[in-house]
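Visitor: Input file: upload-v6.cif. Contents: mmCIF, C-alpha atoms.
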data_entry
#
loop_
_atom_site.label_atom_id
_atom_site.label_comp_id
_atom_site.auth_asym_id
_atom_site.auth_seq_id
_atom_site.Cartn_x
_atom_site.Cartn_y
_atom_site.Cartn_z
CA MET L 1 110.10 113.76 103.64
CA SER L 2 111.51 115.62 100.65
CA HIS L 3 111.36 112.72 98.19
CA VAL L 4 107.65 111.91 98.52
CA ARG L 5 106.42 110.72 95.13
CA SER L 6 103.26 112.21 93.70
CA ASP L 7 101.14 110.18 91.33
CA LYS L 8 100.81 111.31 87.74
CA PRO L 9 98.30 110.01 85.23
CA PHE L 10 99.18 107.16 82.88
CA THR L 11 99.07 108.77 79.44
CA LEU L 12 99.86 107.25 76.04
CA ALA L 13 99.62 109.16 72.76
CA GLY L 14 97.67 111.95 74.44
CA ARG L 15 95.07 109.67 76.05
CA THR L 16 94.88 109.02 79.79
CA TYR L 17 94.06 105.60 81.24
CA GLN L 18 92.89 104.64 84.73
CA SER L 19 94.20 101.07 84.58
CA ARG L 20 97.93 100.40 84.40
CA LEU L 21 97.40 96.82 83.28
CA LEU L 22 97.56 96.00 79.56
CA VAL L 23 96.53 92.51 78.48
CA GLY L 24 96.84 90.25 75.46
CA THR L 25 94.11 88.22 73.82
CA GLY L 26 95.88 84.99 72.81
CA LYS L 27 96.08 81.54 74.42
CA TYR L 28 92.57 81.45 75.91
CA LYS L 29 90.37 78.39 75.35
CA ASP L 30 87.70 80.40 73.54
CA LEU L 31 86.49 83.95 72.88
CA GLU L 32 84.09 83.88 75.84
CA GLU L 33 86.93 83.13 78.29
CA THR L 34 88.98 85.88 76.61
CA ARG L 35 86.15 88.36 77.16
CA ALA L 36 85.52 87.37 80.79
CA ALA L 37 89.19 87.36 81.85
CA ILE L 38 89.88 90.73 80.23
CA GLU L 39 86.80 92.22 81.84
CA ALA L 40 87.89 90.89 85.27
CA SER L 41 91.35 92.43 84.80
CA GLY L 42 89.94 95.93 84.46
CA ALA L 43 92.37 96.56 81.58
CA GLU L 44 91.51 99.36 79.15
CA ILE L 45 94.22 98.59 76.56
CA VAL L 46 94.07 95.20 74.87
CA THR L 47 96.81 94.00 72.54
CA VAL L 48 96.03 91.88 69.49
CA ALA L 49 98.42 89.85 67.32
CA VAL L 50 97.34 90.94 63.84
CA ARG L 51 99.02 87.95 62.21
CA ARG L 52 97.23 85.41 64.40
CA THR L 53 93.88 87.00 65.18
CA ASN L 54 90.98 87.94 62.95
CA ILE L 55 90.10 91.62 63.38
CA GLY L 56 88.32 91.82 60.04
CA GLN L 57 90.92 90.59 57.56
CA ASN L 58 89.18 87.16 57.34
CA PRO L 59 85.51 87.85 56.59
CA GLY L 60 83.14 85.09 57.71
CA GLU L 61 85.39 83.93 60.59
CA PRO L 62 84.77 84.80 64.27
CA ASN L 63 86.08 88.34 64.82
CA LEU L 64 87.81 89.18 68.11
CA LEU L 65 86.35 92.70 67.94
CA ASP L 66 82.88 91.17 68.50
CA VAL L 67 83.89 90.34 72.10
CA ILE L 68 86.56 93.00 72.66
CA SER L 69 84.77 96.07 71.39
CA PRO L 70 86.83 99.06 70.21
CA ASP L 71 84.08 101.19 71.79
CA LYS L 72 85.06 99.83 75.22
CA TYR L 73 88.80 99.12 74.84
CA THR L 74 91.78 100.74 73.17
CA ILE L 75 92.91 98.08 70.70
CA LEU L 76 96.70 97.82 70.51
CA PRO L 77 97.68 95.88 67.37
CA ASN L 78 101.02 94.09 67.76
CA THR L 79 103.48 92.52 65.36
CA ALA L 80 103.92 89.17 67.17
CA GLY L 81 105.13 86.54 64.73
CA CYS L 82 107.24 89.01 62.73
CA TYR L 83 110.94 88.18 62.39
CA ASP L 84 112.19 91.12 60.33
CA ALA L 85 111.58 94.86 60.07
CA ALA L 86 109.79 94.78 56.69
CA GLU L 87 107.25 92.22 57.94
CA ALA L 88 106.59 94.23 61.10
CA VAL L 89 106.07 97.48 59.17
CA ARG L 90 103.70 95.74 56.76
CA THR L 91 101.70 94.28 59.66
CA CYS L 92 101.31 97.71 61.32
CA ARG L 93 100.11 99.23 58.07
CA LEU L 94 97.56 96.43 57.65
CA ALA L 95 96.29 97.04 61.19
CA ARG L 96 95.97 100.76 60.48
CA GLU L 97 93.78 99.95 57.46
CA LEU L 98 91.63 97.42 59.32
CA LEU L 99 91.12 99.77 62.28
CA ASP L 100 90.27 102.92 60.30
CA GLY L 101 93.53 104.85 60.58
CA HIS L 102 94.40 103.71 64.13
CA LYS L 103 98.02 104.79 64.86
CA LEU L 104 98.85 103.20 68.24
CA VAL L 105 100.84 99.98 67.73
CA LYS L 106 103.04 97.63 69.70
CA LEU L 107 106.17 96.77 67.76
CA GLU L 108 107.89 93.48 68.39
CA VAL L 109 110.40 91.91 66.03
CA LEU L 110 111.43 88.51 67.31
CA ALA L 111 114.80 86.82 66.79
CA ASP L 112 113.77 83.16 66.80
CA GLN L 113 110.98 80.77 67.79
CA LYS L 114 112.87 79.20 70.67
CA THR L 115 113.53 82.29 72.80
CA LEU L 116 111.13 84.88 71.27
CA PHE L 117 113.86 87.31 72.28
CA PRO L 118 113.67 90.64 70.45
CA ASN L 119 115.87 91.08 67.41
CA VAL L 120 117.07 94.50 68.45
CA ILE L 121 118.70 95.37 65.11
CA GLU L 122 115.48 94.73 63.16
CA THR L 123 113.42 96.40 65.92
CA LEU L 124 115.45 99.61 65.57
CA LYS L 125 115.02 99.55 61.78
CA ALA L 126 111.24 99.02 62.02
CA ALA L 127 110.82 101.65 64.74
CA GLU L 128 112.53 104.27 62.59
CA VAL L 129 110.24 103.60 59.61
CA LEU L 130 107.04 103.46 61.70
CA VAL L 131 107.78 106.68 63.62
CA LYS L 132 108.44 108.49 60.33
CA ASP L 133 105.20 107.01 58.97
CA GLY L 134 103.20 108.66 61.76
CA PHE L 135 102.60 105.66 64.04
CA ASP L 136 102.59 105.95 67.85
CA VAL L 137 105.04 103.15 68.56
CA MET L 138 105.21 101.22 71.82
CA VAL L 139 108.21 98.94 71.49
CA TYR L 140 109.08 95.54 72.99
CA THR L 141 112.81 95.36 73.60
CA SER L 142 115.56 93.67 75.58
CA ASP L 143 116.37 95.04 79.03
CA ASP L 144 119.42 96.85 77.64
CA PRO L 145 119.40 100.44 78.96
CA ILE L 146 121.29 101.79 75.93
CA ILE L 147 118.83 100.33 73.42
CA ALA L 148 115.91 101.59 75.53
CA ARG L 149 117.46 105.08 75.42
CA GLU L 150 117.95 104.89 71.62
CA LEU L 151 114.33 103.80 71.01
CA ALA L 152 113.00 106.68 73.11
CA ALA L 153 115.30 109.17 71.33
CA MET L 154 114.06 107.84 67.99
CA GLY L 155 110.51 108.86 68.90
CA CYS L 156 108.89 105.70 70.31
CA ILE L 157 106.16 106.77 72.75
CA ALA L 158 106.81 103.94 75.25
CA VAL L 159 109.63 101.47 75.81
CA MET L 160 108.68 97.96 76.93
CA PRO L 161 111.61 95.91 78.20
CA LEU L 162 111.01 92.25 78.97
CA ALA L 163 110.99 91.02 82.57
CA GLY L 164 111.69 87.49 81.35
CA LEU L 165 111.23 85.63 78.08
CA ILE L 166 107.69 85.66 76.61
CA GLY L 167 105.49 82.97 78.11
CA THR L 168 108.02 81.71 80.69
CA GLY L 169 106.39 83.18 83.80
CA LEU L 170 109.85 83.57 85.36
CA GLY L 171 109.13 87.06 86.68
CA ILE L 172 111.65 89.90 86.68
CA CYS L 173 114.97 88.26 85.88
CA ASN L 174 117.09 91.42 85.98
CA PRO L 175 115.64 94.13 88.22
CA TYR L 176 118.94 96.04 88.14
CA ASN L 177 118.82 96.74 84.39
CA LEU L 178 115.18 97.74 84.73
CA ARG L 179 116.11 100.24 87.43
CA ILE L 180 118.69 101.86 85.13
CA ILE L 181 116.13 102.05 82.30
CA LEU L 182 113.60 103.61 84.69
CA GLU L 183 116.08 106.15 86.06
CA GLU L 184 116.97 107.35 82.55
CA ALA L 185 113.49 107.15 81.05
CA SER L 186 112.21 110.05 78.97
CA VAL L 187 109.05 108.11 77.96
CA PRO L 188 106.81 105.66 79.86
CA VAL L 189 108.48 102.32 80.65
CA LEU L 190 106.22 99.26 80.76
CA VAL L 191 107.31 95.75 81.68
CA ASP L 192 106.32 93.42 78.86
CA ALA L 193 106.73 89.62 78.96
CA GLY L 194 107.77 87.16 81.63
CA VAL L 195 105.25 87.93 84.39
CA GLY L 196 103.91 84.72 85.97
CA THR L 197 101.85 85.72 88.96
CA ALA L 198 100.50 88.68 90.90
CA SER L 199 103.68 89.32 92.91
CA ASP L 200 105.73 89.70 89.68
CA ALA L 201 103.39 92.45 88.51
CA THR L 202 103.55 94.14 91.92
CA ILE L 203 107.37 94.13 91.87
CA ALA L 204 107.40 95.73 88.39
CA MET L 205 105.14 98.50 89.67
CA GLU L 206 107.16 98.94 92.89
CA LEU L 207 110.27 99.50 90.76
CA GLY L 208 108.46 102.48 89.19
CA CYS L 209 107.15 101.09 85.90
CA GLU L 210 104.24 103.06 84.46
CA ALA L 211 102.33 99.89 83.59
CA VAL L 212 102.66 96.15 82.86
CA LEU L 213 101.61 94.18 79.79
CA MET L 214 100.87 90.47 80.11
CA ASN L 215 99.07 87.62 78.40
CA SER L 216 100.24 84.11 79.39
CA ALA L 217 100.15 84.84 83.13
CA ILE L 218 96.37 85.26 82.90
CA ALA L 219 95.52 82.98 79.96
CA HIS L 220 97.56 80.02 81.24
CA ALA L 221 96.40 80.28 84.86
CA GLN L 222 94.17 77.42 85.99
CA ASN L 223 91.44 80.00 86.53
CA PRO L 224 92.14 82.85 84.08
CA ILE L 225 89.19 84.97 85.22
CA LEU L 226 90.32 84.90 88.85
CA MET L 227 93.92 85.59 87.81
CA GLY L 228 92.75 88.55 85.73
CA GLU L 229 91.19 90.01 88.85
CA ALA L 230 94.28 89.19 90.94
CA MET L 231 96.44 91.11 88.45
CA LYS L 232 94.14 94.12 88.67
CA HIS L 233 94.78 94.30 92.43
CA ALA L 234 98.49 93.49 92.07
CA ILE L 235 99.06 96.46 89.76
CA ILE L 236 97.15 98.83 92.05
CA ALA L 237 99.01 97.60 95.17
CA GLY L 238 102.40 97.90 93.46
CA ARG L 239 101.71 101.43 92.29
CA MET L 240 100.54 102.52 95.74
CA ALA L 241 103.60 100.97 97.40
CA TYR L 242 105.88 102.74 94.91
CA LEU L 243 104.21 106.07 95.68
CA ALA L 244 104.25 105.41 99.44
CA GLY L 245 108.00 104.65 99.50
CA ARG L 246 108.98 101.48 101.31
CA MET L 247 110.76 101.39 104.67
CA PRO L 248 114.54 100.87 104.53
CA LYS L 249 115.81 97.30 104.86
CA LYS L 250 117.84 96.66 108.01
CA LEU L 251 119.98 93.76 109.08
CA TYR L 252 118.76 93.76 112.69
CA ALA L 253 115.39 94.07 114.35
CA SER L 254 113.99 97.32 115.67
CA ALA L 255 111.05 97.30 118.04
CA SER L 256 107.77 98.51 116.57
CA SER L 257 106.69 100.14 119.85
CA PRO L 258 108.62 102.97 121.52
CA LEU L 259 110.61 102.04 124.63
CA ASP L 260 109.94 105.29 126.56
CA GLY L 261 108.14 104.96 129.89
CA LEU L 262 108.56 101.16 130.11
CA ILE L 263 108.00 99.95 133.66
#
Is it possible to express this structure as structure tokens?

Guide:
Amino acid sequence: MSHVRSDKPFTLAGRTYQSRLLVGTGKYKDLEETRAAIEASGAEIVTVAVRRTNIGQNPGEPNLLDVISPDKYTILPNTAGCYDAAEAVRTCRLARELLDGHKLVKLEVLADQKTLFPNVIETLKAAEVLVKDGFDVMVYTSDDPIIARELAAMGCIAVMPLAGLIGTGLGICNPYNLRIILEEASVPVLVDAGVGTASDATIAMELGCEAVLMNSAIAHAQNPILMGEAMKHAIIAGRMAYLAGRMPKKLYASASSPLDGLI
């Protein structure tokens, strides 16, 4: 077969990762559950909402970095809770100070509380400033192929279109747009937001995404630690299926066994 896909490493900002699952740290019942679920997921990149989580800016309060050690995980500060470009840029600069010059960030500029849909206009503005300021910007965006193309051209190191709205667990609502984004991609494409269960993550990987970022799907599961482990396997299975190349779909049956030599 001429179109056999060969695997290539998952690399962000010059660093290669074994796991293609990125996880958030919010919405767990306590820090111990956060630690255990993230460990079970096998994730190596952990995203942290700087505006909602103490990573050193509130001395004397429990610090997330005590359970999610930067020695063990790549910490990915994000700008969740920011509703305009200036706020998002300020939050990234604060994270860079708190994490000793750390440049890898996840940019999200939200439009409103009800949908948590990205405000694409403000996202583009913030991305431009942050790229110029030397940040390695992974960017949460709508599943609009043109915007995804613009963000990559602007210098973002990864484009992260939503599968569904944040926290809804609806899965991949528009696989067709995602396919266009993936076909055109000049940087890694990660599905971010909307995953609800293992099969959603597998579908994202089967489409050809480099990785998947999730939080609610694990944190809001009845057993987050077990779901963390399920997601680890889902991502691996989806990647392998993508590389293997699925059989074509057919309308009618075809026998699995050859008919030659039947008595």

Visitor: Using all atoms listed in the file, tabulate the residues of range 119-145 of chain L lying at most 12 Å from any atom of range 9-19 of chain L, each with its closest atom pair and that distance in Å to one decimal, by chain and increasing residue number, as a Markdown table.

Guide:
| residue | atom | partner | partner_atom | distance |
| --- | --- | --- | --- | --- |
| L:Gly134 | CA | L:Ala13 | CA | 11.6 |
| L:Phe135 | CA | L:Ala13 | CA | 9.9 |
| L:Asp136 | CA | L:Ala13 | CA | 6.6 |
| L:Val137 | CA | L:Ala13 | CA | 9.1 |
| L:Met138 | CA | L:Leu12 | CA | 9.1 |

Visitor: Considering all atoms listed in the file, can you say which of L:Pro188, L:Gly56, L:Gly101, L:Gly194 comes closest to Leu116 in chain L?

Guide: L:Gly194

Visitor: Do you have the CA of Val48 in chain L-CA of Glu61 in chain L distance handy?

Guide: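 That distance, rounded to one decimal, is 16.0 Å.
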
Visitor: What do you get, as a ChimeraX atom specification, if you spell out every residue that the PyMOL selection byres ((chain L and resi 224-231) around 6) selects here?

Guide: /L:37,40-41,198,218-219,221,223,232-234

Visitor: Counting only C-alpha atoms, which of L:Lys72, L:Arg35, L:Arg239, L:Arg96 gets nearest to Leu21 in chain L?

Guide: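 Checking each of L:Lys72, L:Arg35, L:Arg239, L:Arg96 against Leu21 in chain L, counting only C-alpha atoms, the winner is L:Arg239.
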
Visitor: May I have the centre and edge lengths, in Å to one decimal, of an axis-aligned box around the listed atoms of range 175-183 of chain L with 6 Å added to every side, as lines of an AutoDock Vina configuration file?

Guide:
center_x = 116.3
center_y = 100.1
center_z = 85.3
size_x = 17.3
size_y = 24.0
size_z = 17.9

Visitor: Quick check, in Å to one decimal: how far apart do CA of Thr91 in chain L and CA of Asn78 in chain L lie?

Guide: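 It comes out at 8.1 Å.
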
Visitor: When you count only C-alpha atoms, which of these residues is closest to Val129 in chain L: L:Asp192, L:Asp260, L:Glu87, L:Glu44?

Guide: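 Under the stated criterion, the closest residue is L:Glu87.
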
Visitor: Write out as a PyMOL selection string the residues lying within 10 Å of Pro70 in chain L, counting all atoms listed in the file and excluding same-chain residues fewer than 6 positions away.

Guide: chain L and resi 45-46+76+99
